[in-house]
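Peer 1: Coordinates in data29.pdb, PDB, C-alpha atoms, pLDDT in the B column, are listed below.
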MODEL        1
ATOM      1  CA  MET A   1     -23.145  -8.146  34.455  1.00 47.00           C
ATOM      2  CA  LYS A   2     -22.476 -11.138  32.266  1.00 50.00           C
ATOM      3  CA  LYS A   3     -23.381  -9.110  29.181  1.00 51.00           C
ATOM      4  CA  THR A   4     -20.926  -6.350  30.130  1.00 54.00           C
ATOM      5  CA  ARG A   5     -18.018  -8.780  30.581  1.00 57.00           C
ATOM      6  CA  PHE A   6     -18.775 -10.278  27.191  1.00 52.00           C
ATOM      7  CA  GLY A   7     -18.894  -6.801  25.663  1.00 57.00           C
ATOM      8  CA  LEU A   8     -15.549  -5.828  27.213  1.00 54.00           C
ATOM      9  CA  PHE A   9     -14.012  -9.161  26.211  1.00 54.00           C
ATOM     10  CA  SER A  10     -15.262  -8.743  22.628  1.00 52.00           C
ATOM     11  CA  ALA A  11     -13.951  -5.192  22.476  1.00 50.00           C
ATOM     12  CA  ALA A  12     -10.536  -6.321  23.753  1.00 51.00           C
ATOM     13  CA  ILE A  13     -10.347  -9.069  21.118  1.00 53.00           C
ATOM     14  CA  ILE A  14     -11.365  -6.681  18.342  1.00 54.00           C
ATOM     15  CA  LEU A  15      -8.793  -4.091  19.445  1.00 50.00           C
ATOM     16  CA  SER A  16      -6.092  -6.779  19.665  1.00 50.00           C
ATOM     17  CA  LEU A  17      -6.861  -8.104  16.194  1.00 44.00           C
ATOM     18  CA  GLY A  18      -7.007  -4.577  14.820  1.00 47.00           C
ATOM     19  CA  SER A  19      -3.580  -3.837  16.301  1.00 45.00           C
ATOM     20  CA  VAL A  20      -2.110  -6.990  14.793  1.00 43.00           C
ATOM     21  CA  VAL A  21      -3.541  -6.162  11.374  1.00 42.00           C
ATOM     22  CA  PHE A  22      -2.344  -2.566  11.644  1.00 43.00           C
ATOM     23  CA  LEU A  23       1.181  -3.538  12.688  1.00 44.00           C
ATOM     24  CA  THR A  24       1.595  -6.234  10.059  1.00 45.00           C
ATOM     25  CA  ASN A  25      -0.046  -4.356   7.190  1.00 46.00           C
ATOM     26  CA  SER A  26       1.044  -0.787   7.841  1.00 47.00           C
ATOM     27  CA  CYS A  27       0.471   1.446   4.865  1.00 51.00           C
ATOM     28  CA  GLN A  28       3.461   2.796   3.009  1.00 54.00           C
ATOM     29  CA  HIS A  29       2.823   5.769   0.760  1.00 51.00           C
ATOM     30  CA  GLU A  30       5.578   6.210  -1.748  1.00 62.00           C
ATOM     31  CA  GLY A  31       3.945   8.989  -3.745  1.00 65.00           C
ATOM     32  CA  ILE A  32       4.083   9.615  -7.462  1.00 66.00           C
ATOM     33  CA  PRO A  33       7.587   9.733  -8.942  1.00 68.00           C
ATOM     34  CA  ALA A  34       8.536  13.217 -10.179  1.00 64.00           C
ATOM     35  CA  GLU A  35       9.220  11.900 -13.672  1.00 68.00           C
ATOM     36  CA  ASP A  36       5.578  10.742 -13.899  1.00 69.00           C
ATOM     37  CA  MET A  37       4.275  14.236 -13.125  1.00 71.00           C
ATOM     38  CA  THR A  38       3.655  16.935 -15.739  1.00 84.00           C
ATOM     39  CA  GLN A  39       6.955  18.390 -16.901  1.00 90.00           C
ATOM     40  CA  ILE A  40       7.905  21.594 -15.107  1.00 93.00           C
ATOM     41  CA  CYS A  41       9.119  24.254 -17.544  1.00 95.00           C
ATOM     42  CA  PHE A  42      12.138  26.228 -16.432  1.00 96.00           C
ATOM     43  CA  THR A  43      11.560  29.347 -18.543  1.00 95.00           C
ATOM     44  CA  GLU A  44       7.843  29.721 -17.810  1.00 96.00           C
ATOM     45  CA  GLN A  45       7.527  28.343 -14.275  1.00 96.00           C
ATOM     46  CA  VAL A  46      10.838  28.184 -12.414  1.00 96.00           C
ATOM     47  CA  LEU A  47      12.827  31.192 -13.644  1.00 95.00           C
ATOM     48  CA  PRO A  48      10.060  33.712 -12.781  1.00 95.00           C
ATOM     49  CA  ILE A  49       9.948  32.389  -9.205  1.00 95.00           C
ATOM     50  CA  PHE A  50      13.708  32.762  -8.754  1.00 93.00           C
ATOM     51  CA  MET A  51      13.885  36.142 -10.483  1.00 91.00           C
ATOM     52  CA  ASN A  52      10.956  37.685  -8.582  1.00 90.00           C
ATOM     53  CA  SER A  53      11.717  36.192  -5.179  1.00 86.00           C
ATOM     54  CA  CYS A  54      15.488  35.694  -5.054  1.00 84.00           C
ATOM     55  CA  GLY A  55      17.231  37.414  -7.961  1.00 79.00           C
ATOM     56  CA  THR A  56      16.263  40.899  -6.844  1.00 80.00           C
ATOM     57  CA  SER A  57      18.394  43.921  -6.046  1.00 83.00           C
ATOM     58  CA  GLY A  58      20.036  43.568  -2.662  1.00 83.00           C
ATOM     59  CA  CYS A  59      19.685  39.787  -2.658  1.00 81.00           C
ATOM     60  CA  HIS A  60      20.831  37.431  -5.393  1.00 87.00           C
ATOM     61  CA  ASP A  61      20.980  39.551  -8.529  1.00 78.00           C
ATOM     62  CA  ALA A  62      24.177  39.762 -10.610  1.00 82.00           C
ATOM     63  CA  LYS A  63      25.289  42.942  -8.855  1.00 82.00           C
ATOM     64  CA  THR A  64      24.674  41.890  -5.259  1.00 78.00           C
ATOM     65  CA  ALA A  65      25.263  38.114  -5.464  1.00 74.00           C
ATOM     66  CA  GLU A  66      24.644  37.606  -1.755  1.00 75.00           C
ATOM     67  CA  GLY A  67      26.604  34.531  -0.650  1.00 78.00           C
ATOM     68  CA  ASP A  68      28.000  34.287  -4.192  1.00 84.00           C
ATOM     69  CA  TYR A  69      24.650  33.022  -5.449  1.00 89.00           C
ATOM     70  CA  VAL A  70      22.893  34.609  -8.414  1.00 86.00           C
ATOM     71  CA  PHE A  71      19.333  33.609  -9.322  1.00 91.00           C
ATOM     72  CA  THR A  72      18.717  35.473 -12.565  1.00 92.00           C
ATOM     73  CA  ASP A  73      19.577  32.904 -15.256  1.00 93.00           C
ATOM     74  CA  TYR A  74      19.813  29.156 -15.747  1.00 97.00           C
ATOM     75  CA  ALA A  75      23.616  28.814 -15.525  1.00 95.00           C
ATOM     76  CA  SER A  76      23.806  30.825 -12.307  1.00 94.00           C
ATOM     77  CA  ILE A  77      20.864  29.056 -10.688  1.00 95.00           C
ATOM     78  CA  MET A  78      22.406  25.666 -11.477  1.00 96.00           C
ATOM     79  CA  LYS A  79      25.333  26.476  -9.157  1.00 95.00           C
ATOM     80  CA  ALA A  80      22.891  25.942  -6.286  1.00 94.00           C
ATOM     81  CA  ILE A  81      21.064  22.928  -7.749  1.00 97.00           C
ATOM     82  CA  THR A  82      21.811  19.204  -7.659  1.00 97.00           C
ATOM     83  CA  PRO A  83      19.769  17.838 -10.603  1.00 97.00           C
ATOM     84  CA  GLY A  84      17.539  14.950  -9.578  1.00 96.00           C
ATOM     85  CA  ASN A  85      17.937  15.585  -5.844  1.00 96.00           C
ATOM     86  CA  ALA A  86      16.107  18.525  -4.288  1.00 95.00           C
ATOM     87  CA  SER A  87      17.230  17.683  -0.750  1.00 94.00           C
ATOM     88  CA  LYS A  88      20.881  18.115  -1.773  1.00 96.00           C
ATOM     89  CA  SER A  89      20.253  21.365  -3.652  1.00 96.00           C
ATOM     90  CA  LYS A  90      21.377  24.499  -1.797  1.00 93.00           C
ATOM     91  CA  ALA A  91      18.616  26.587  -3.363  1.00 94.00           C
ATOM     92  CA  TYR A  92      15.860  24.164  -2.324  1.00 95.00           C
ATOM     93  CA  GLU A  93      17.389  23.778   1.123  1.00 94.00           C
ATOM     94  CA  ALA A  94      17.296  27.579   1.530  1.00 91.00           C
ATOM     95  CA  ILE A  95      13.620  27.923   0.563  1.00 92.00           C
ATOM     96  CA  THR A  96      12.520  25.089   2.867  1.00 93.00           C
ATOM     97  CA  SER A  97      14.839  25.647   5.842  1.00 87.00           C
ATOM     98  CA  THR A  98      13.365  25.734   9.313  1.00 81.00           C
ATOM     99  CA  ASP A  99      16.295  27.821  10.579  1.00 84.00           C
ATOM    100  CA  GLU A 100      16.821  30.608   8.044  1.00 81.00           C
ATOM    101  CA  ILE A 101      14.209  30.360   5.307  1.00 82.00           C
ATOM    102  CA  MET A 102      14.697  32.307   2.088  1.00 84.00           C
ATOM    103  CA  PRO A 103      13.538  34.792   1.063  1.00 83.00           C
ATOM    104  CA  PRO A 104      13.565  36.009   4.673  1.00 83.00           C
ATOM    105  CA  ASP A 105      10.819  38.659   4.441  1.00 83.00           C
ATOM    106  CA  ASN A 106       8.466  36.753   2.166  1.00 85.00           C
ATOM    107  CA  PRO A 107       8.945  32.941   2.180  1.00 89.00           C
ATOM    108  CA  LEU A 108       7.739  31.144  -0.924  1.00 91.00           C
ATOM    109  CA  PRO A 109       4.291  29.572  -0.683  1.00 93.00           C
ATOM    110  CA  LEU A 110       3.940  25.807  -0.920  1.00 94.00           C
ATOM    111  CA  ASP A 111       2.897  25.804  -4.584  1.00 95.00           C
ATOM    112  CA  LYS A 112       6.068  27.639  -5.661  1.00 95.00           C
ATOM    113  CA  ARG A 113       8.325  25.456  -3.482  1.00 95.00           C
ATOM    114  CA  THR A 114       6.634  22.404  -5.022  1.00 95.00           C
ATOM    115  CA  ILE A 115       7.283  23.637  -8.570  1.00 96.00           C
ATOM    116  CA  ILE A 116      10.974  24.104  -7.757  1.00 96.00           C
ATOM    117  CA  ARG A 117      11.206  20.691  -6.057  1.00 96.00           C
ATOM    118  CA  LEU A 118       9.559  18.896  -8.977  1.00 96.00           C
ATOM    119  CA  TRP A 119      11.764  20.722 -11.496  1.00 97.00           C
ATOM    120  CA  ILE A 120      14.876  19.644  -9.589  1.00 97.00           C
ATOM    121  CA  GLU A 121      13.632  16.055  -9.183  1.00 96.00           C
ATOM    122  CA  GLN A 122      12.859  15.938 -12.926  1.00 96.00           C
ATOM    123  CA  GLY A 123      16.502  16.728 -13.663  1.00 96.00           C
ATOM    124  CA  ALA A 124      16.527  20.536 -13.471  1.00 97.00           C
ATOM    125  CA  LYS A 125      16.537  20.883 -17.246  1.00 96.00           C
ATOM    126  CA  GLN A 126      16.506  24.195 -19.093  1.00 96.00           C
ATOM    127  CA  THR A 127      13.085  23.577 -20.609  1.00 93.00           C
ATOM    128  CA  ASN A 128      10.964  26.062 -22.512  1.00 92.00           C
ATOM    129  CA  CYS A 129       7.356  25.026 -22.925  1.00 88.00           C
ATOM    130  CA  ALA A 130       5.900  28.215 -24.390  1.00 79.00           C
ATOM    131  CA  SER A 131       3.271  27.687 -27.032  1.00 62.00           C
ATOM    132  CA  ASN A 132       4.377  28.659 -30.520  1.00 47.00           C
TER     133      ASN A 132
ENDMDL
END
Using the file provided, produce a representation of the structure as structure tokens.

Peer 2:
Amino acid sequence: MKKTRFGLFSAAIILSLGSVVFLTNSCQHEGIPAEDMTQICFTEQVLPIFMNSCGTSGCHDAKTAEGDYVFTDYASIMKAITPGNASKSKAYEAITSTDEIMPPDNPLPLDKRTIIRLWIEQGAKQTNCASN
């Protein structure tokens, strides 16, 4: 019986110390800043996503312009983008919404949403990285 009390007492002390260490040294993950990531190229990576998923007939092409948004060229796309801040960009908000996600019939997969987020966070520049 004495051995059991010691075991329970030791376990209680270890758990208490572990809790103190955990509470005082909680881990904070800040991630890698977008500007330190590989540059996202608008022409090769971002524009095809918008054109194939959003800028289609009956959605956000120049003719339809659902909600007055057009996603077929840089200037039009930028009307829904806040450079450097994906969370304040209407386009990014629409593709990550939990209420009414866009495109409604075929939401973008994580890798495409990530490309758009990084491009916005990197300043949403009209970059062209095609090899010459």

Peer 1: Report, in Å with one decimal, the straight-line distance from atom CA of Phe42 of chain A to atom CA of Asp68 of chain A.

Peer 2: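 Calculated distance between atom CA of Phe42 of chain A and atom CA of Asp68 of chain A is 21.6 Å.
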
Peer 1: Could you spell out the hits of the PyMOL selection byres ((chain A and resi 71-81) around 6) on the shown file, as a PyMOL selection string?

Peer 2: chain A and resi 50-51+55+60+70+82-83+89-91

Peer 1: Please provide the set of residues having any atom within 9 Å of Pro107 of chain A, restricted to only C-alpha atoms, with same-chain residues fewer than 4 positions apart removed, written as a PyMOL selection string.

Peer 2: chain A and resi 53+95-96+101-103

Peer 1: Expressed in Å to a single decimal, how great is the separation between atom CA of Gly123 of chain A and atom CA of Ala94 of chain A?

Peer 2: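 Distance between the two atoms: 18.7 Å.
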
Peer 1: For the structure shown, which residues end up in the PyMOL selection byres ((chain A and resi 43) around 9)? Put them as an mmCIF file with C-alpha atoms, keeping the file's coordinate frame, please?

Peer 2:
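After the write, out.cif holds the following:
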data_model
loop_
_atom_site.group_PDB
_atom_site.id
_atom_site.type_symbol
_atom_site.label_atom_id
_atom_site.label_comp_id
_atom_site.auth_asym_id
_atom_site.auth_seq_id
_atom_site.Cartn_x
_atom_site.Cartn_y
_atom_site.Cartn_z
ATOM 1 C CA CYS A 41 9.119 24.254 -17.544
ATOM 2 C CA PHE A 42 12.138 26.228 -16.432
ATOM 3 C CA GLU A 44 7.843 29.721 -17.810
ATOM 4 C CA GLN A 45 7.527 28.343 -14.275
ATOM 5 C CA VAL A 46 10.838 28.184 -12.414
ATOM 6 C CA LEU A 47 12.827 31.192 -13.644
ATOM 7 C CA PRO A 48 10.060 33.712 -12.781
ATOM 8 C CA TYR A 74 19.813 29.156 -15.747
ATOM 9 C CA GLN A 126 16.506 24.195 -19.093
ATOM 10 C CA THR A 127 13.085 23.577 -20.609
ATOM 11 C CA ASN A 128 10.964 26.062 -22.512
ATOM 12 C CA CYS A 129 7.356 25.026 -22.925
ATOM 13 C CA ALA A 130 5.900 28.215 -24.390
#

Peer 1: Expressed in Å to a single decimal, how great is the separation between atom CA of Leu108 of chain A and atom CA of Tyr92 of chain A?

Peer 2: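 The value is 10.8 Å.
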
Peer 1: Show me, as a list in words, the residues that have an atom within 7 Å of Ile40 of chain A when counting only C-alpha atoms, minus same-chain residues fewer than 4 positions from it.

Peer 2: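 Neighbouring residues, sequence-local ones excluded: Gln45, Ile115, Leu118 and Trp119 of chain A.
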
Peer 1: Taking 6 positions as the minimum chain separation for residues in the same chain, which residues sit within 7 Å of Ala86 of chain A when counting only C-alpha atoms? Answer as a ChimeraX atom specification.

Peer 2: /A:92,117,120-121
